[in-house]
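The structure appears below as structure tokens.
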There are 2 protein chains.
Amino acid sequence: MKALLSEDEQLQIIAECTDGQKLIEETIRLKPNLILCDLSMPKMNGLDAIREIKKKLGDVKVIILTIHKEKQIFEKALQLGVNGYVLKEDIYDQLKFTIHTVLNGGKSYSAKITEAFAIGQGQERSELTFELLTRREREILRLAALGRTNREIGEELGISVRTVETHRANLMQKLDLKNVQELIAFAIKHGVVSIDEMEA
Amino acid sequence: MKALLSEDEQLQIIAECTDGQKLIEETIRLKPNLILCDLSMPKMNGLDAIREIKKKLGDVKVIILTIHKEKQIFEKALQLGVNGYVLKEDIYDQLKFTIHTVLNGGKSYSAKITEAFAIGQGQERSELTFELLTRREREILRLAALGRTNREIGEELGISVRTVETHRANLMQKLDLKNVQELIAFAIKHGVVSIDEMEA
DNA sequence: TATAAACTCAGTATTACTACTTAGATTCTC
DNA sequence: GAGAATCTAAGTAGTAATACTGAGTTTATA
């Protein structure tokens, strides 16, 4: 997202904050024109941070980017005087446009692709490492990423736990993954699982 | 995403497929107007699946939604006659619009929010459960989601492994999480970690 | 300043995963 | 049909996480 926004010459990203406390500190220090922030952050809730900021620096603009469309939260945000409120689901509008274009017989290719053509960039490394996996290994990668234990995977596929362990060890080695977290990160980045189908 | 697309009356989602093989089978069975698919899928690669489909049912329209802007992949997709190619980064265009509106002194609130107002829906459960966590617990949630072992977390924070275990157990119980996968899913959904900062 | 909340640490036992190796059965391919 | 790749399974050993419990110390706040 940072890379994407940086492409816009009218924008300059001067800081990134990992929690609400840092957000307040950095805002006071750097006095930005605009803050783009989520509501759920470590240490301090986004709305609380914004309240602090608006108290100390009333003229800074704030856009909320969140998944929350709960009335209470939005009203609270409005009371605090936020300038923009973007739902994460809004960002799919581009996709909708493409769908309708295609359904009407047209074609639509991402402009960024053609731009990339001119520059001649692009690497396939990660796609290739994924190709190294066998069918069984991908199946197990998926189930493991979804939170199944080896025992459950074995039951689900009708094979021994030991076999699952073998497959899992092989795919971990092929992809150079060190733990479950990396396995999940890989699975998400390659579309083997989506965040939505993951529990919790 | 399914929920989002379903809102459009002109669209009707008649199937969802978890892998390339099922995609082929279902396409032949249901003969949809349009297929929206990723490139990375279990069992069979997206492009291979599309090749099969285009061979058997030439008139079905296909939109690729992917993170890949590699020249080779896009060219391969073009050769197969896909009708649309959407980069996942394209979908941030809506966000860009809001940013510029706000920077120019305007305000911009998601239309979906005001719609939701009329219906009066919305729940805060997950936001509240997150609030249950203490500062220390959120710190440990974050580090655990990023792949650190309890031992590493202890060293990083200068506390005993046993303390980390306690915090971890407490936060798992508070959030009703059963395993690391759910922990990660929760962390991602609440913006405690982003997929990008996760290794692999 | 009392009281609660948060943070700290450990004992004990169990379960899950990882590393490394070996090896037979099946399936695909040249 | 030979050979490779894949799928299957297990032995052994070690590491990591979880499920309980109990308990002392610090910190915030009413």
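Residues are referred to by chain and number: the chain letter is A, B, ... according to the order shown in the structure tokens, the number counts from 1 in that chain, and ligands are numbered separately from 1 in the order shown.
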Give the residues of chain C that lie within 10 Å of chain A; count only C-alpha atoms (C1' of nucleotides), and format the answer as number ranges by chain.
C: 16-19
Give me, as a JSON list (two decimals) with C-alpha atoms, in the first residue's frame, all polymer residues having an atom no more than 10 Å from Leu23 (chain B), counting only C-alpha atoms (C1' of nucleotides) and skipping those fewer than 5 positions away in the same chain.
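In the end it all went to around02.json:
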[["chain", "number", "residue", "atom", "x", "y", "z"],
["B", 15, "ALA", "CA", -20.48, -21.32, -7.70],
["B", 16, "GLU", "CA", -17.24, -21.00, -5.83],
["B", 17, "CYS", "CA", -14.27, -23.28, -6.39],
["B", 18, "THR", "CA", -11.40, -23.96, -4.11],
["B", 28, "ILE", "CA", -18.60, -27.51, -17.61],
["B", 29, "ARG", "CA", -21.55, -28.34, -15.41],
["B", 35, "ILE", "CA", -15.31, -16.72, -14.32],
["B", 37, "CYS", "CA", -10.28, -16.43, -10.70],
["B", 41, "MET", "CA", -4.81, -22.37, -6.68],
["B", 44, "MET", "CA", -4.14, -27.09, -10.66],
["B", 46, "GLY", "CA", -5.08, -21.09, -12.64],
["B", 49, "ALA", "CA", -7.33, -24.53, -15.66],
["B", 50, "ILE", "CA", -8.24, -21.64, -17.95],
["B", 53, "ILE", "CA", -11.82, -24.33, -20.01]]
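Within 8 Å of chain A, and using only C-alpha atoms (C1' of nucleotides), the residues found on chain D are DT6, DT8, DA9 and DA10 of chain D.
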Take the selection from the previous step and output its residues with C-alpha atoms (C1' of nucleotides), as a PDB file, in the first residue's frame.
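As a result, result04.pdb now contains:
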ATOM      1  C1'  DT D   6       5.137 -39.238  -6.077  1.00  0.00           C
ATOM      2  C1'  DT D   8       2.795 -43.805   1.410  1.00  0.00           C
ATOM      3  C1'  DA D   9       4.665 -45.024   6.309  1.00  0.00           C
ATOM      4  C1'  DA D  10       7.561 -45.389  10.341  1.00  0.00           C
TER       5       DA D  10
END
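If you look at C1' of DA5 (chain D) and CA of Ala144 (chain A), they are 23.5 Å away from each other.
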Near DG3 (chain D), within 12 Å and counting only C-alpha atoms (C1' of nucleotides), which residues show up once chain neighbours fewer than 2 positions away are dropped, as a PyMOL selection string?
(chain C and resi 28-30) or (chain D and resi 1+5)
Write out, as a short mmCIF file (atom, residue, chain, number, x, y, z; two decimals), in the first residue's frame, the residues just selected, with C-alpha atoms (C1' of nucleotides).
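The new file selection.cif reads:
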data_model
loop_
_atom_site.label_atom_id
_atom_site.label_comp_id
_atom_site.auth_asym_id
_atom_site.auth_seq_id
_atom_site.Cartn_x
_atom_site.Cartn_y
_atom_site.Cartn_z
"C1'" DC C 28 3.81 -41.17 -14.81
"C1'" DT C 29 6.90 -40.77 -18.64
"C1'" DC C 30 10.62 -41.55 -21.98
"C1'" DG D 1 9.63 -51.87 -19.55
"C1'" DA D 5 8.61 -38.88 -9.34
#
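The interatomic distance for the pair CA of Phe74 (chain B) and CA of Ala145 (chain A) works out to 27.7 Å.
Rounded to one decimal, CA of Glu156 (chain A) and CA of Arg138 (chain A) lie 14.4 Å from each other.
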Find the residues near Gln181 (chain B): any atom within 10 Å, counting only C-alpha atoms (C1' of nucleotides), skip ones fewer than 4 places away on the same chain, and give them as a PyMOL selection string.
(chain A and resi 144-148+180-181+183-184+198-200) or (chain B and resi 145+177+185-187)
Pick the closest to chain A from B:Glu26, B:Glu152, B:Asp176, B:Glu52: which is it, counting only C-alpha atoms?
B:Asp176
